[in-house]
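So this block is target.cif, mmCIF, C-alpha atoms and all ligand atoms:
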```cif
data_input
loop_
_atom_site.label_atom_id
_atom_site.label_comp_id
_atom_site.auth_asym_id
_atom_site.auth_seq_id
_atom_site.Cartn_x
_atom_site.Cartn_y
_atom_site.Cartn_z
CA MET D 1 -66.94 0.02 24.87
CA LYS D 2 -70.30 -1.06 26.33
CA TYR D 3 -70.39 -4.85 26.37
CA CYS D 4 -68.09 -7.70 27.36
CA SER D 5 -66.37 -9.30 24.36
CA ASP D 6 -66.68 -12.71 26.03
CA CYS D 7 -70.16 -12.96 27.61
CA GLY D 8 -71.97 -9.88 26.26
CA SER D 9 -72.85 -8.40 29.64
CA SER D 10 -72.34 -4.71 30.38
CA VAL D 11 -68.89 -3.43 31.33
CA VAL D 12 -67.87 -0.73 33.79
CA LEU D 13 -64.78 1.51 33.68
CA THR D 14 -62.87 0.82 36.86
CA LEU D 15 -59.36 0.45 38.27
CA PRO D 16 -58.54 -3.26 38.62
CA GLU D 17 -56.61 -4.23 41.73
CA GLY D 18 -52.88 -3.78 41.19
CA ASP D 19 -53.35 -1.88 37.90
CA HIS D 20 -52.29 1.71 37.24
CA ARG D 21 -55.10 2.87 34.93
CA GLU D 22 -58.83 2.30 34.51
CA ARG D 23 -60.03 -0.60 32.32
CA TYR D 24 -63.40 -1.80 31.08
CA VAL D 25 -64.29 -4.74 33.35
CA CYS D 26 -67.25 -7.09 32.81
CA ASN D 27 -70.00 -6.87 35.44
CA ARG D 28 -70.69 -10.60 35.20
CA CYS D 29 -67.52 -12.56 34.32
CA ASP D 30 -64.96 -9.96 35.54
CA LEU D 31 -63.02 -10.09 32.27
CA ILE D 32 -60.65 -7.10 32.03
CA HIS D 33 -60.59 -5.57 28.52
CA TYR D 34 -57.14 -4.16 27.79
CA GLN D 35 -57.06 -1.65 24.95
CA ASN D 36 -53.70 -0.99 23.33
CA PRO D 37 -52.39 1.02 20.36
CA ASN D 38 -52.74 -0.27 16.81
CA VAL D 39 -49.72 -0.56 14.53
CA VAL D 40 -49.95 0.78 10.97
CA VAL D 41 -47.24 -0.43 8.57
CA GLY D 42 -46.49 0.92 5.12
CA THR D 43 -43.92 1.37 2.37
CA VAL D 44 -42.27 4.07 0.28
CA PRO D 45 -42.15 2.19 -3.06
CA ILE D 46 -39.54 3.74 -5.36
CA HIS D 47 -39.29 2.93 -9.06
CA ILE D 48 -36.49 4.27 -11.23
CA GLY D 49 -37.89 5.10 -14.67
CA ASP D 50 -36.19 4.62 -18.02
CA ASP D 51 -35.18 8.29 -17.77
CA GLY D 52 -33.25 7.52 -14.57
CA LEU D 53 -35.58 9.58 -12.41
CA PRO D 54 -37.08 8.17 -9.19
CA ARG D 55 -40.83 7.89 -8.85
CA VAL D 56 -42.93 7.03 -5.81
CA LEU D 57 -46.04 4.85 -5.92
CA LEU D 58 -49.17 6.41 -4.39
CA CYS D 59 -52.68 5.02 -4.02
CA LEU D 60 -55.93 6.98 -4.19
CA ARG D 61 -58.00 5.73 -1.28
CA ASP D 62 -61.31 4.12 -2.23
CA ILE D 63 -62.09 3.45 1.46
CA GLU D 64 -62.69 5.53 4.56
CA PRO D 65 -61.11 7.24 6.35
CA ARG D 66 -59.80 9.90 3.95
CA HIS D 67 -61.59 8.48 0.89
CA GLY D 68 -60.37 10.25 -2.26
CA TYR D 69 -56.97 11.23 -0.87
CA TRP D 70 -53.58 9.87 -1.91
CA THR D 71 -51.53 7.68 0.41
CA LEU D 72 -48.44 5.55 0.54
CA PRO D 73 -49.51 1.89 0.70
CA ALA D 74 -50.16 1.18 4.40
CA GLY D 75 -52.54 -0.55 6.76
CA PHE D 76 -52.95 -2.33 10.07
CA LEU D 77 -50.44 -4.98 11.07
CA GLU D 78 -52.04 -8.40 11.53
CA ASN D 79 -51.29 -11.05 14.14
CA ASN D 80 -48.57 -13.53 13.19
CA GLU D 81 -46.66 -11.30 10.81
CA THR D 82 -43.59 -9.11 11.15
CA ALA D 83 -43.79 -5.37 10.55
CA ALA D 84 -42.00 -5.72 7.19
CA GLU D 85 -44.25 -8.60 6.13
CA GLY D 86 -47.30 -6.53 6.96
CA ALA D 87 -46.01 -3.54 5.00
CA LEU D 88 -45.41 -5.70 1.91
CA ARG D 89 -48.82 -7.37 2.27
CA GLU D 90 -50.55 -4.00 2.49
CA THR D 91 -48.63 -2.82 -0.57
CA VAL D 92 -49.92 -5.79 -2.57
CA GLU D 93 -53.47 -5.37 -1.26
CA GLU D 94 -53.59 -1.69 -2.19
CA SER D 95 -51.53 -1.62 -5.41
CA CYS D 96 -50.52 -5.17 -6.51
CA ALA D 97 -46.91 -3.91 -6.58
CA ALA D 98 -43.98 -6.22 -5.84
CA LEU D 99 -41.16 -4.68 -3.79
CA GLU D 100 -37.64 -5.66 -2.71
CA ASP D 101 -34.78 -4.34 -0.59
CA VAL D 102 -37.09 -3.38 2.27
CA GLU D 103 -35.44 -1.12 4.87
CA LEU D 104 -36.86 0.42 8.04
CA TYR D 105 -37.19 4.20 7.62
CA ARG D 106 -39.65 6.00 9.94
CA LEU D 107 -41.51 5.26 13.18
CA PHE D 108 -44.18 7.73 14.29
CA ASN D 109 -45.80 7.81 17.72
CA VAL D 110 -49.33 9.02 16.90
CA VAL D 111 -50.51 9.24 20.48
CA HIS D 112 -53.70 11.22 19.79
CA THR D 113 -55.08 8.34 17.66
CA ASN D 114 -53.50 5.55 19.77
CA GLN D 115 -51.40 4.35 16.84
CA ILE D 116 -47.81 3.62 15.85
CA HIS D 117 -47.03 4.18 12.15
CA ILE D 118 -43.99 2.43 10.66
CA PHE D 119 -42.76 3.08 7.10
CA PHE D 120 -40.19 1.08 5.15
CA ARG D 121 -38.19 2.19 2.14
CA ALA D 122 -38.39 -0.31 -0.73
CA ASN D 123 -37.39 -0.67 -4.36
CA MET D 124 -39.98 -1.40 -7.01
CA PRO D 125 -38.03 -2.97 -9.91
CA LEU D 126 -40.97 -3.21 -12.30
CA ALA D 127 -43.53 -0.51 -13.05
CA GLN D 128 -46.28 -3.06 -12.57
CA TYR D 129 -49.27 -2.19 -10.40
CA SER D 130 -53.02 -1.93 -10.62
CA VAL D 131 -56.13 -0.59 -8.93
CA THR D 132 -57.56 -2.74 -6.15
CA PRO D 133 -60.73 -2.83 -4.04
CA GLU D 134 -58.97 -0.38 -1.69
CA SER D 135 -57.51 1.99 -4.31
CA SER D 136 -59.45 3.62 -7.14
CA GLU D 137 -56.21 4.84 -8.75
CA VAL D 138 -52.59 3.76 -8.37
CA GLN D 139 -49.89 5.89 -9.94
CA LEU D 140 -46.14 6.49 -10.02
CA PHE D 141 -45.32 10.13 -9.33
CA LEU D 142 -42.18 12.10 -10.10
CA PHE D 143 -41.33 13.92 -6.87
CA ASP D 144 -42.20 17.27 -8.49
CA ASP D 145 -45.66 15.94 -9.31
CA ILE D 146 -46.64 14.61 -5.86
CA PRO D 147 -50.14 15.93 -5.01
CA TRP D 148 -49.06 17.52 -1.72
CA GLY D 149 -52.41 19.11 -1.00
CA GLU D 150 -54.27 15.85 -1.52
CA LEU D 151 -52.37 13.47 0.79
CA ALA D 152 -54.38 11.39 3.23
CA PHE D 153 -52.40 11.47 6.46
CA PRO D 154 -49.76 13.60 8.22
CA THR D 155 -47.35 10.66 8.59
CA VAL D 156 -47.55 10.00 4.83
CA HIS D 157 -46.84 13.67 4.12
CA LYS D 158 -43.92 13.81 6.56
CA THR D 159 -42.43 10.54 5.31
CA LEU D 160 -42.47 11.79 1.70
CA VAL D 161 -40.95 15.16 2.64
CA ASP D 162 -38.17 13.44 4.59
CA TYR D 163 -37.58 10.85 1.86
CA ILE D 164 -37.05 13.46 -0.84
CA THR D 165 -34.67 15.39 1.41
CA ASP D 166 -32.73 12.24 2.31
CA ARG D 167 -32.54 11.07 -1.30
CA THR D 168 -30.88 14.38 -2.22
CA LYS D 169 -28.36 13.83 0.60
CA GLY D 170 -27.90 10.17 -0.28
CA GLU D 171 -28.37 9.17 3.38
CA PHE D 172 -31.44 7.54 4.87
CA ASP D 173 -31.23 7.64 8.66
CA VAL D 174 -33.88 5.73 10.59
CA VAL D 175 -35.79 8.25 12.72
CA MET D 176 -38.48 7.92 15.39
CA MET D 177 -40.65 10.96 16.02
CA ASP D 178 -43.92 12.05 17.57
CA MET D 179 -46.75 13.14 15.27
CA ASP D 180 -49.41 15.34 16.82
CA HIS D 181 -52.57 16.90 15.47
CA SER D 182 -50.94 20.26 14.75
CA TYR D 183 -49.24 18.80 11.66
CA TRP D 184 -52.55 18.98 9.78
CA GLN D 185 -51.88 22.69 9.18
CA HIS D 186 -48.96 21.66 6.92
CA MET D 187 -51.05 19.26 4.86
CA SER D 188 -52.05 21.71 2.12
CA SER D 189 -48.51 22.19 0.87
CA LYS D 190 -44.99 20.82 0.80
CA PRO D 191 -43.16 22.24 3.86
CA LYS D 192 -40.05 24.28 3.13
ZN ZN P 201 -68.18 -10.94 30.58
#
```

Once more with this new file: its structure as structure tokens, please.
Ligand SMILES: [Zn+2]
Amino acid sequence: MKYCSDCGSSVVLTLPEGDHRERYVCNRCDLIHYQNPNVVVGTVPIHIGDDGLPRVLLCLRDIEPRHGYWTLPAGFLENNETAAEGALRETVEESCAALEDVELYRLFNVVHTNQIHIFFRANMPLAQYSVTPESSEVQLFLFDDIPWGELAFPTVHKTLVDYITDRTKGEFDVVMMDMDHSYWQHMSSKPK
């Protein structure tokens, strides 16, 4: 950052007294600008079709980053909402889908982008959804039809891989893991 968010003067990167890492500090008003990770919250919306087969709802991103790639509904957590509330809000904003039975599923430490990604499992009783300003297409996919090579983010890819494995087992453990940049090499296919 270059300028103070309060008074607009220039900032300098320096170690404030008593702190343990450098911060941007205003040259005029001495405001210390703390920068912390962002939290991304999303859902794995599952709809059981009339044929009894599970389908997952994916959204084709009509916004950057990763415009034109498929994602689980997800976005930045806002102030004054819980993680689950944010995940449901993002699902509505990106797909207009109504979910229930929301359960915590995955937490990813994405240290290289200064983010935490949290995904919730959720049931989607009705196959009702639509495109939105953020999604140019919204579609239910049978697991065999998931466009693995066209997914937007590593954490979306990993969450879907794990979900399908867990659904086969019938057990959905909550897992926290680190996601680093090397996962991008897996993004063109479904890992074995
Ligand atoms: Zn200032």

Counting all atoms listed in the file, which residues of region 155-175 of chain D fall within 10 Å of region 99-110 of chain D, and what is the closest atom pair for each with its distance in Å at one decimal, ordered by chain and rising number, as JSON lines?
```
{"residue": "D:Thr155", "atom": "CA", "partner": "D:Phe108", "partner_atom": "CA", "distance": 7.2}
{"residue": "D:Lys158", "atom": "CA", "partner": "D:Arg106", "partner_atom": "CA", "distance": 9.5}
{"residue": "D:Thr159", "atom": "CA", "partner": "D:Arg106", "partner_atom": "CA", "distance": 7.1}
{"residue": "D:Asp162", "atom": "CA", "partner": "D:Arg106", "partner_atom": "CA", "distance": 9.3}
{"residue": "D:Tyr163", "atom": "CA", "partner": "D:Tyr105", "partner_atom": "CA", "distance": 8.8}
{"residue": "D:Phe172", "atom": "CA", "partner": "D:Tyr105", "partner_atom": "CA", "distance": 7.2}
{"residue": "D:Asp173", "atom": "CA", "partner": "D:Tyr105", "partner_atom": "CA", "distance": 7.0}
{"residue": "D:Val174", "atom": "CA", "partner": "D:Tyr105", "partner_atom": "CA", "distance": 4.7}
{"residue": "D:Val175", "atom": "CA", "partner": "D:Arg106", "partner_atom": "CA", "distance": 5.3}
```

Exercise. Residues at most 8 Å from region 138-151 of chain D, counting only C-alpha atoms, excluding those fewer than 5 positions away in the same chain, as a list in words?
Worked result: His47, Leu53, Pro54, Arg55, Val56, Leu57, Leu58, Cys59, Leu60, Tyr69, Trp70, Thr71, Ser95, Tyr129, Ser130, Val131, Val156, His157, Ile164, Met187, Ser188, Ser189 and Lys190 of chain D

For this session: Rank nothing, just name the residue among D:Val12, D:Gly42, D:Cys29, D:Arg21 nearest to ligand ZN 201 (chain P), using only C-alpha atoms and all ligand atoms.
Result: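 Smallest separation from ligand ZN 201 (chain P) among the options: D:Cys29.
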
Exercise. Hey, which residues come within 12 Å of ligand ZN 201 (chain P) if we count all atoms listed in the file? Could you give them as number ranges by chain?
Worked result: D: 2-12, 24-33

For this session: Grab the CA of Val111 (chain D) to CA of Val39 (chain D) distance for me, in Å with one decimal place.
Result: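 According to the coordinates, CA of Val111 (chain D) and CA of Val39 (chain D) are separated by 11.5 Å.
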
Exercise. Which residue out of D:Gln128, D:Gln35, D:Ser135, D:Thr14 has the minimum interatomic distance to Pro73 (chain D) when only C-alpha atoms are used?
Worked result: D:Ser135

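For the pair CA of Pro154 (chain D) and CA of Gly52 (chain D), the separation is 28.8 Å.
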
Problem set entry | Selection as a PyMOL selection string: residues within 8 Å of (-50.4, 18.0, 10.5), counting only C-alpha atoms | chain D and resi 153-154+179-187

For this session: Work out how far CA of Ala74 (chain D) is from CA of Val92 (chain D), in Å to one decimal.
Result: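 One can read the CA of Val92 (chain D) to CA of Ala74 (chain D) distance as 9.9 Å.
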
Problem set entry | Nearest to Arg66 (chain D) by atom-to-atom distance, counting all atoms listed in the file, from D:Glu171, D:Glu134, D:Glu85, D:Asp50 |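 Closest candidate: D:Glu134.
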
Exercise. Using all atoms listed in the file, which of the listed residues (D:Ile116, D:Leu13, D:Ala87, D:Glu22) sits closest to Pro37 (chain D)?
Worked result: D:Ile116

Problem set entry | From D:Ala127, D:Phe76, D:Ile46, D:Phe119, residue lying nearest Glu93 (chain D) [all atoms listed in the file] | D:Phe76
